[in-house]
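Data block for coords-v9.txt (compact mmCIF, N, CA and C atoms):
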```
# COMPACT_ATOMS: atom_id res chain seq x y z
N MET G 1 84.91 -46.49 -90.02
CA MET G 1 84.05 -46.09 -88.91
C MET G 1 84.93 -45.50 -87.81
N GLU G 2 84.53 -44.39 -87.30
CA GLU G 2 85.28 -43.72 -86.25
C GLU G 2 84.47 -43.69 -84.96
N ASN G 3 85.19 -43.46 -83.86
CA ASN G 3 84.57 -43.30 -82.55
C ASN G 3 83.75 -44.51 -82.11
N LEU G 4 84.23 -45.69 -82.45
CA LEU G 4 83.56 -46.90 -82.00
C LEU G 4 84.10 -47.27 -80.63
N ASN G 5 83.24 -47.73 -79.78
CA ASN G 5 83.64 -48.11 -78.43
C ASN G 5 84.00 -49.60 -78.39
N ILE G 6 85.13 -49.93 -79.00
CA ILE G 6 85.60 -51.32 -79.02
C ILE G 6 86.27 -51.60 -77.68
N ILE G 7 85.88 -52.71 -77.09
CA ILE G 7 86.39 -53.08 -75.77
C ILE G 7 87.23 -54.35 -75.89
N HIS G 8 88.41 -54.32 -75.30
CA HIS G 8 89.27 -55.50 -75.24
C HIS G 8 88.97 -56.25 -73.95
N GLU G 9 88.68 -57.51 -74.08
CA GLU G 9 88.46 -58.39 -72.93
C GLU G 9 89.56 -59.45 -72.93
N PRO G 10 90.74 -59.10 -72.42
CA PRO G 10 91.87 -60.03 -72.50
C PRO G 10 91.62 -61.36 -71.78
N GLU G 11 90.84 -61.33 -70.71
CA GLU G 11 90.55 -62.57 -70.00
C GLU G 11 89.72 -63.55 -70.85
N LYS G 12 89.00 -63.02 -71.83
CA LYS G 12 88.20 -63.85 -72.74
C LYS G 12 88.85 -63.94 -74.13
N GLN G 13 89.99 -63.29 -74.28
CA GLN G 13 90.73 -63.24 -75.54
C GLN G 13 89.84 -62.82 -76.70
N ARG G 14 89.25 -61.63 -76.54
CA ARG G 14 88.41 -61.11 -77.60
C ARG G 14 88.29 -59.60 -77.52
N PHE G 15 87.89 -59.02 -78.63
CA PHE G 15 87.54 -57.61 -78.74
C PHE G 15 86.07 -57.58 -79.11
N ILE G 16 85.29 -56.71 -78.45
CA ILE G 16 83.85 -56.66 -78.70
C ILE G 16 83.40 -55.24 -79.02
N LEU G 17 82.28 -55.17 -79.69
CA LEU G 17 81.63 -53.90 -79.99
C LEU G 17 80.12 -54.15 -79.93
N THR G 18 79.44 -53.37 -79.10
CA THR G 18 77.98 -53.49 -78.98
C THR G 18 77.34 -52.23 -79.55
N ILE G 19 76.40 -52.45 -80.47
CA ILE G 19 75.63 -51.37 -81.08
C ILE G 19 74.18 -51.82 -81.11
N GLN G 20 73.29 -50.99 -80.59
CA GLN G 20 71.85 -51.27 -80.60
C GLN G 20 71.54 -52.68 -80.09
N ASP G 21 72.10 -53.03 -78.95
CA ASP G 21 71.87 -54.32 -78.30
C ASP G 21 72.40 -55.53 -79.08
N GLU G 22 73.20 -55.30 -80.09
CA GLU G 22 73.83 -56.38 -80.85
C GLU G 22 75.33 -56.32 -80.58
N THR G 23 75.94 -57.47 -80.32
CA THR G 23 77.37 -57.49 -80.02
C THR G 23 78.12 -58.27 -81.08
N ALA G 24 79.12 -57.63 -81.66
CA ALA G 24 80.04 -58.25 -82.60
C ALA G 24 81.36 -58.47 -81.87
N HIS G 25 82.12 -59.47 -82.30
CA HIS G 25 83.41 -59.68 -81.66
C HIS G 25 84.40 -60.41 -82.57
N VAL G 26 85.67 -60.26 -82.23
CA VAL G 26 86.72 -61.11 -82.80
C VAL G 26 87.38 -61.81 -81.62
N ALA G 27 87.63 -63.09 -81.81
CA ALA G 27 88.29 -63.88 -80.78
C ALA G 27 89.69 -64.23 -81.27
N TYR G 28 90.62 -64.25 -80.35
CA TYR G 28 92.01 -64.51 -80.72
C TYR G 28 92.65 -65.51 -79.76
N ARG G 29 93.82 -65.96 -80.16
CA ARG G 29 94.64 -66.81 -79.32
C ARG G 29 96.09 -66.36 -79.49
N ILE G 30 96.83 -66.39 -78.41
CA ILE G 30 98.24 -66.04 -78.46
C ILE G 30 99.05 -67.30 -78.14
N GLU G 31 99.92 -67.67 -79.07
CA GLU G 31 100.78 -68.84 -78.89
C GLU G 31 102.12 -68.59 -79.55
N ASN G 32 103.17 -68.93 -78.85
CA ASN G 32 104.52 -68.84 -79.40
C ASN G 32 104.82 -67.49 -80.03
N GLY G 33 104.37 -66.43 -79.37
CA GLY G 33 104.65 -65.08 -79.85
C GLY G 33 103.80 -64.63 -81.02
N ALA G 34 102.77 -65.41 -81.36
CA ALA G 34 101.89 -65.07 -82.48
C ALA G 34 100.49 -64.76 -81.97
N PHE G 35 99.91 -63.71 -82.51
CA PHE G 35 98.55 -63.28 -82.21
C PHE G 35 97.68 -63.72 -83.37
N ASP G 36 96.78 -64.68 -83.13
CA ASP G 36 95.99 -65.32 -84.17
C ASP G 36 94.51 -65.00 -83.97
N ILE G 37 93.92 -64.28 -84.93
CA ILE G 37 92.46 -64.08 -84.89
C ILE G 37 91.83 -65.37 -85.37
N ARG G 38 91.05 -65.98 -84.48
CA ARG G 38 90.45 -67.29 -84.73
C ARG G 38 89.09 -67.18 -85.40
N HIS G 39 88.31 -66.18 -85.02
CA HIS G 39 87.04 -65.97 -85.70
C HIS G 39 86.51 -64.55 -85.46
N ALA G 40 85.70 -64.13 -86.40
CA ALA G 40 85.03 -62.82 -86.32
C ALA G 40 83.53 -63.07 -86.47
N ILE G 41 82.77 -62.53 -85.54
CA ILE G 41 81.32 -62.71 -85.55
C ILE G 41 80.65 -61.34 -85.56
N VAL G 42 79.83 -61.11 -86.56
CA VAL G 42 79.06 -59.87 -86.65
C VAL G 42 77.60 -60.27 -86.87
N PRO G 43 76.71 -59.93 -85.93
CA PRO G 43 75.29 -60.26 -86.11
C PRO G 43 74.72 -59.63 -87.38
N ALA G 44 73.75 -60.30 -87.99
CA ALA G 44 73.16 -59.85 -89.25
C ALA G 44 72.76 -58.38 -89.26
N PRO G 45 72.13 -57.85 -88.19
CA PRO G 45 71.73 -56.44 -88.25
C PRO G 45 72.91 -55.46 -88.35
N LEU G 46 74.12 -55.92 -88.04
CA LEU G 46 75.29 -55.04 -88.08
C LEU G 46 76.19 -55.28 -89.30
N GLU G 47 75.84 -56.26 -90.12
CA GLU G 47 76.67 -56.58 -91.27
C GLU G 47 76.71 -55.44 -92.28
N GLY G 48 77.82 -55.36 -92.99
CA GLY G 48 77.96 -54.39 -94.07
C GLY G 48 78.25 -52.97 -93.62
N LYS G 49 78.64 -52.81 -92.36
CA LYS G 49 78.90 -51.47 -91.83
C LYS G 49 80.37 -51.25 -91.47
N GLY G 50 81.22 -52.18 -91.84
CA GLY G 50 82.64 -52.04 -91.55
C GLY G 50 83.04 -52.45 -90.14
N ILE G 51 82.13 -53.10 -89.44
CA ILE G 51 82.40 -53.44 -88.04
C ILE G 51 83.45 -54.54 -87.92
N ALA G 52 83.36 -55.57 -88.74
CA ALA G 52 84.36 -56.64 -88.68
C ALA G 52 85.74 -56.06 -88.96
N SER G 53 85.85 -55.20 -89.94
CA SER G 53 87.13 -54.58 -90.27
C SER G 53 87.67 -53.75 -89.11
N ALA G 54 86.80 -52.99 -88.48
CA ALA G 54 87.21 -52.16 -87.34
C ALA G 54 87.70 -53.03 -86.18
N LEU G 55 87.01 -54.12 -85.92
CA LEU G 55 87.41 -55.02 -84.84
C LEU G 55 88.75 -55.69 -85.14
N VAL G 56 88.90 -56.17 -86.36
CA VAL G 56 90.17 -56.82 -86.74
C VAL G 56 91.32 -55.82 -86.66
N LYS G 57 91.11 -54.62 -87.15
CA LYS G 57 92.16 -53.60 -87.08
C LYS G 57 92.54 -53.30 -85.63
N GLU G 58 91.55 -53.13 -84.78
CA GLU G 58 91.82 -52.84 -83.37
C GLU G 58 92.62 -53.97 -82.73
N ALA G 59 92.24 -55.21 -83.03
CA ALA G 59 92.95 -56.36 -82.47
C ALA G 59 94.38 -56.43 -82.97
N TYR G 60 94.58 -56.25 -84.27
CA TYR G 60 95.93 -56.32 -84.81
C TYR G 60 96.78 -55.12 -84.40
N ASP G 61 96.17 -53.97 -84.22
CA ASP G 61 96.92 -52.82 -83.71
C ASP G 61 97.42 -53.11 -82.29
N TYR G 62 96.57 -53.72 -81.48
CA TYR G 62 96.98 -54.12 -80.13
C TYR G 62 98.15 -55.11 -80.23
N ALA G 63 97.99 -56.12 -81.08
CA ALA G 63 99.03 -57.15 -81.22
C ALA G 63 100.36 -56.56 -81.65
N ARG G 64 100.32 -55.66 -82.61
CA ARG G 64 101.57 -55.02 -83.06
C ARG G 64 102.20 -54.23 -81.93
N GLY G 65 101.38 -53.54 -81.17
CA GLY G 65 101.89 -52.76 -80.05
C GLY G 65 102.54 -53.63 -78.98
N GLN G 66 102.12 -54.89 -78.90
CA GLN G 66 102.69 -55.82 -77.93
C GLN G 66 103.87 -56.61 -78.51
N GLY G 67 104.15 -56.41 -79.78
CA GLY G 67 105.28 -57.10 -80.42
C GLY G 67 104.98 -58.51 -80.89
N TYR G 68 103.71 -58.87 -81.04
CA TYR G 68 103.35 -60.20 -81.51
C TYR G 68 103.46 -60.30 -83.03
N GLN G 69 103.72 -61.50 -83.50
CA GLN G 69 103.62 -61.80 -84.92
C GLN G 69 102.13 -61.84 -85.25
N ILE G 70 101.75 -61.38 -86.43
CA ILE G 70 100.35 -61.30 -86.83
C ILE G 70 100.00 -62.50 -87.70
N VAL G 71 99.01 -63.30 -87.26
CA VAL G 71 98.52 -64.43 -88.04
C VAL G 71 97.00 -64.47 -87.98
N ALA G 72 96.41 -65.26 -88.89
CA ALA G 72 94.95 -65.37 -88.93
C ALA G 72 94.54 -66.79 -89.28
N THR G 73 93.61 -67.31 -88.54
CA THR G 73 92.95 -68.56 -88.87
C THR G 73 91.58 -68.27 -89.48
N CYS G 74 90.95 -67.21 -89.03
CA CYS G 74 89.66 -66.76 -89.55
C CYS G 74 89.81 -66.32 -91.01
N ALA G 75 88.93 -66.84 -91.87
CA ALA G 75 89.00 -66.49 -93.29
C ALA G 75 88.84 -64.98 -93.52
N TYR G 76 87.97 -64.35 -92.76
CA TYR G 76 87.81 -62.90 -92.91
C TYR G 76 89.11 -62.18 -92.56
N ALA G 77 89.75 -62.58 -91.45
CA ALA G 77 91.00 -61.93 -91.04
C ALA G 77 92.11 -62.18 -92.05
N VAL G 78 92.13 -63.34 -92.69
CA VAL G 78 93.12 -63.61 -93.74
C VAL G 78 92.92 -62.64 -94.89
N ARG G 79 91.67 -62.47 -95.33
CA ARG G 79 91.39 -61.51 -96.41
C ARG G 79 91.75 -60.09 -95.99
N TRP G 80 91.48 -59.74 -94.73
CA TRP G 80 91.81 -58.40 -94.23
C TRP G 80 93.32 -58.18 -94.31
N LEU G 81 94.08 -59.17 -93.92
CA LEU G 81 95.54 -59.05 -93.98
C LEU G 81 96.03 -58.92 -95.42
N GLN G 82 95.38 -59.57 -96.35
CA GLN G 82 95.76 -59.44 -97.76
C GLN G 82 95.54 -58.02 -98.24
N ARG G 83 94.52 -57.35 -97.72
CA ARG G 83 94.24 -55.95 -98.09
C ARG G 83 95.11 -54.96 -97.33
N HIS G 84 95.79 -55.43 -96.28
CA HIS G 84 96.61 -54.55 -95.44
C HIS G 84 98.00 -55.16 -95.25
N PRO G 85 98.80 -55.17 -96.33
CA PRO G 85 100.12 -55.80 -96.25
C PRO G 85 101.06 -55.11 -95.26
N GLU G 86 100.76 -53.89 -94.87
CA GLU G 86 101.60 -53.18 -93.91
C GLU G 86 101.62 -53.87 -92.54
N TYR G 87 100.67 -54.77 -92.29
CA TYR G 87 100.65 -55.51 -91.03
C TYR G 87 101.57 -56.73 -91.05
N GLU G 88 102.06 -57.05 -92.23
CA GLU G 88 103.01 -58.16 -92.40
C GLU G 88 102.49 -59.45 -91.77
N GLY G 89 101.19 -59.69 -91.93
CA GLY G 89 100.57 -60.89 -91.37
C GLY G 89 100.52 -62.02 -92.37
N LYS G 90 100.15 -63.19 -91.86
CA LYS G 90 100.05 -64.37 -92.72
C LYS G 90 98.98 -65.30 -92.15
N PRO G 91 98.48 -66.20 -93.00
CA PRO G 91 97.54 -67.21 -92.50
C PRO G 91 98.25 -68.13 -91.50
N SER G 92 97.50 -68.61 -90.53
CA SER G 92 98.07 -69.54 -89.55
C SER G 92 98.22 -70.92 -90.20
N ASP G 93 98.93 -71.79 -89.52
CA ASP G 93 99.08 -73.16 -90.01
C ASP G 93 97.73 -73.89 -90.01
N GLU G 94 96.78 -73.41 -89.22
CA GLU G 94 95.46 -74.05 -89.14
C GLU G 94 94.46 -73.51 -90.14
N TYR G 95 94.81 -72.45 -90.86
CA TYR G 95 93.89 -71.85 -91.82
C TYR G 95 93.62 -72.82 -92.97
N CYS G 96 92.36 -72.99 -93.30
CA CYS G 96 91.95 -73.81 -94.44
C CYS G 96 91.14 -72.93 -95.37
N ALA G 97 91.65 -72.66 -96.55
CA ALA G 97 90.95 -71.79 -97.49
C ALA G 97 89.53 -72.31 -97.72
N GLY G 98 88.59 -71.41 -97.68
CA GLY G 98 87.19 -71.76 -97.89
C GLY G 98 86.43 -72.00 -96.61
N ASN G 99 87.12 -72.26 -95.51
CA ASN G 99 86.43 -72.44 -94.24
C ASN G 99 86.25 -71.07 -93.59
N ALA G 100 85.16 -70.90 -92.91
CA ALA G 100 84.85 -69.60 -92.33
C ALA G 100 85.82 -69.22 -91.21
N CYS G 101 85.94 -70.06 -90.20
CA CYS G 101 86.77 -69.74 -89.04
C CYS G 101 87.10 -71.00 -88.28
N ALA G 102 87.90 -70.82 -87.26
CA ALA G 102 88.26 -71.92 -86.37
C ALA G 102 87.33 -71.90 -85.18
N LEU G 103 86.10 -72.29 -85.38
CA LEU G 103 85.13 -72.27 -84.28
C LEU G 103 85.27 -73.49 -83.41
```
Show me this structure written as structure tokens.
Amino acid sequence: MENLNIIHEPEKQRFILTIQDETAHVAYRIENGAFDIRHAIVPAPLEGKGIASALVKEAYDYARGQGYQIVATCAYAVRWLQRHPEYEGKPSDEYCAGNACAL
């Protein structure tokens, strides 16, 4: 998906995207030099459109630009990193396979 108006809200530690009055977001935490996506939320009407992937990419692109290590606690973000080895990311110590996210 191109030309998405993804907004970074650093004070809330999240990236958001609103389409047709529905807001999707990824939330992150930064600790010890690591940027950890904790969860990704995409409302049902927006599912299947590549929005979660676009949000995760935007967040990790920001993190790489800031020099953070890339990690994921969110199961979706872990799978995304497996499909994008160029990001050199890994699951966080809190990641539990099969769990959706660190809510």
Quiz item: So what do you get for atom N of Asp93 of chain G versus atom CA of Asp36 of chain G, distance-wise?
Solution: 8.9 Å
Quiz prompt | Those in segment 12-64 of chain G with strand (DSSP E or B) from DSSP, as a VMD selection string | solution = chain G and resid 14 to 19 22 to 31 34 to 41
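Of the residues listed (G:Leu55, G:Cys96, G:Tyr87, G:Tyr62), G:Cys96 shows the shortest atom-to-atom separation from Ala75 of chain G; distances use all atoms listed in the file.
Take the candidates G:Gly50, G:Asn3, G:Gln13, G:Gly65 and check each one against Glu31 of chain G using only C-alpha atoms; the shortest distance goes to G:Gln13.
Considering all atoms listed in the file, the residue among G:Ser53, G:Gly67, G:Trp80, G:Ala40 positioned nearest to Val26 of chain G is G:Ala40.
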Self-check item: Best match for closeness to Ser92 of chain G among G:Arg64, G:Arg14, G:Arg38, G:Lys57, counting only C-alpha atoms
Solution: G:Arg38
Self-check item: Between atom CA of Thr23 of chain G and atom CA of Leu46 of chain G - distance in Å to one decimal
Solution: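 A separation of 8.7 Å between them.
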Practice problem: Have a look at G:Phe35, G:Ile51, G:Arg83, G:Val42 and name the one nearest to Ile70 of chain G; count only C-alpha atoms. | Solution: G:Phe35
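Minimum atom-to-atom distance to Val56 of chain G, evaluated using only C-alpha atoms, belongs to G:Tyr76 out of G:Tyr68, G:Tyr76, G:Gln20, G:Gln82.
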Quiz item: Can you list, as a ChimeraX atom specification, every protein, DNA or RNA residue that comes within 7 Å of Ile7 of chain G when you count only C-alpha atoms, leaving out same-chain residues fewer than 3 positions away?
Solution: /G:15-17
Just list the residues in chain G DSSP gives alpha helix (DSSP H) on the backbone, as a JSON list (two decimals) with N, CA and C atoms, keeping the file's coordinate frame.
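Result file out-v9.json:
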```json
[["chain", "number", "residue", "atom", "x", "y", "z"],
["G", 51, "ILE", "N", 82.13, -53.10, -89.44],
["G", 51, "ILE", "CA", 82.40, -53.44, -88.04],
["G", 51, "ILE", "C", 83.45, -54.54, -87.92],
["G", 52, "ALA", "N", 83.36, -55.57, -88.74],
["G", 52, "ALA", "CA", 84.36, -56.64, -88.68],
["G", 52, "ALA", "C", 85.74, -56.06, -88.96],
["G", 53, "SER", "N", 85.85, -55.20, -89.94],
["G", 53, "SER", "CA", 87.13, -54.58, -90.27],
["G", 53, "SER", "C", 87.67, -53.75, -89.11],
["G", 54, "ALA", "N", 86.80, -52.99, -88.48],
["G", 54, "ALA", "CA", 87.21, -52.16, -87.34],
["G", 54, "ALA", "C", 87.70, -53.03, -86.18],
["G", 55, "LEU", "N", 87.01, -54.12, -85.92],
["G", 55, "LEU", "CA", 87.41, -55.02, -84.84],
["G", 55, "LEU", "C", 88.75, -55.69, -85.14],
["G", 56, "VAL", "N", 88.90, -56.17, -86.36],
["G", 56, "VAL", "CA", 90.17, -56.82, -86.74],
["G", 56, "VAL", "C", 91.32, -55.82, -86.66],
["G", 57, "LYS", "N", 91.11, -54.62, -87.15],
["G", 57, "LYS", "CA", 92.16, -53.60, -87.08],
["G", 57, "LYS", "C", 92.54, -53.30, -85.63],
["G", 58, "GLU", "N", 91.55, -53.13, -84.78],
["G", 58, "GLU", "CA", 91.82, -52.84, -83.37],
["G", 58, "GLU", "C", 92.62, -53.97, -82.73],
["G", 59, "ALA", "N", 92.24, -55.21, -83.03],
["G", 59, "ALA", "CA", 92.95, -56.36, -82.47],
["G", 59, "ALA", "C", 94.38, -56.43, -82.97],
["G", 60, "TYR", "N", 94.58, -56.25, -84.27],
["G", 60, "TYR", "CA", 95.93, -56.32, -84.81],
["G", 60, "TYR", "C", 96.78, -55.12, -84.40],
["G", 61, "ASP", "N", 96.17, -53.97, -84.22],
["G", 61, "ASP", "CA", 96.92, -52.82, -83.71],
["G", 61, "ASP", "C", 97.42, -53.11, -82.29],
["G", 62, "TYR", "N", 96.57, -53.72, -81.48],
["G", 62, "TYR", "CA", 96.98, -54.12, -80.13],
["G", 62, "TYR", "C", 98.15, -55.11, -80.23],
["G", 63, "ALA", "N", 97.99, -56.12, -81.08],
["G", 63, "ALA", "CA", 99.03, -57.15, -81.22],
["G", 63, "ALA", "C", 100.36, -56.56, -81.65],
["G", 64, "ARG", "N", 100.32, -55.66, -82.61],
["G", 64, "ARG", "CA", 101.57, -55.02, -83.06],
["G", 64, "ARG", "C", 102.20, -54.23, -81.93],
["G", 65, "GLY", "N", 101.38, -53.54, -81.17],
["G", 65, "GLY", "CA", 101.89, -52.76, -80.05],
["G", 65, "GLY", "C", 102.54, -53.63, -78.98],
["G", 66, "GLN", "N", 102.12, -54.89, -78.90],
["G", 66, "GLN", "CA", 102.69, -55.82, -77.93],
["G", 66, "GLN", "C", 103.87, -56.61, -78.51],
["G", 75, "ALA", "N", 88.93, -66.84, -91.87],
["G", 75, "ALA", "CA", 89.00, -66.49, -93.29],
["G", 75, "ALA", "C", 88.84, -64.98, -93.52],
["G", 76, "TYR", "N", 87.97, -64.35, -92.76],
["G", 76, "TYR", "CA", 87.81, -62.90, -92.91],
["G", 76, "TYR", "C", 89.11, -62.18, -92.56],
["G", 77, "ALA", "N", 89.75, -62.58, -91.45],
["G", 77, "ALA", "CA", 91.00, -61.93, -91.04],
["G", 77, "ALA", "C", 92.11, -62.18, -92.05],
["G", 78, "VAL", "N", 92.13, -63.34, -92.69],
["G", 78, "VAL", "CA", 93.12, -63.61, -93.74],
["G", 78, "VAL", "C", 92.92, -62.64, -94.89],
["G", 79, "ARG", "N", 91.67, -62.47, -95.33],
["G", 79, "ARG", "CA", 91.39, -61.51, -96.41],
["G", 79, "ARG", "C", 91.75, -60.09, -95.99],
["G", 80, "TRP", "N", 91.48, -59.74, -94.73],
["G", 80, "TRP", "CA", 91.81, -58.40, -94.23],
["G", 80, "TRP", "C", 93.32, -58.18, -94.31],
["G", 81, "LEU", "N", 94.08, -59.17, -93.92],
["G", 81, "LEU", "CA", 95.54, -59.05, -93.98],
["G", 81, "LEU", "C", 96.03, -58.92, -95.42],
["G", 82, "GLN", "N", 95.38, -59.57, -96.35],
["G", 82, "GLN", "CA", 95.76, -59.44, -97.76],
["G", 82, "GLN", "C", 95.54, -58.02, -98.24],
["G", 83, "ARG", "N", 94.52, -57.35, -97.72],
["G", 83, "ARG", "CA", 94.24, -55.95, -98.09],
["G", 83, "ARG", "C", 95.11, -54.96, -97.33]]
```
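Atom N of Ala27 of chain G lies 17.0 Å from atom C of Glu47 of chain G.
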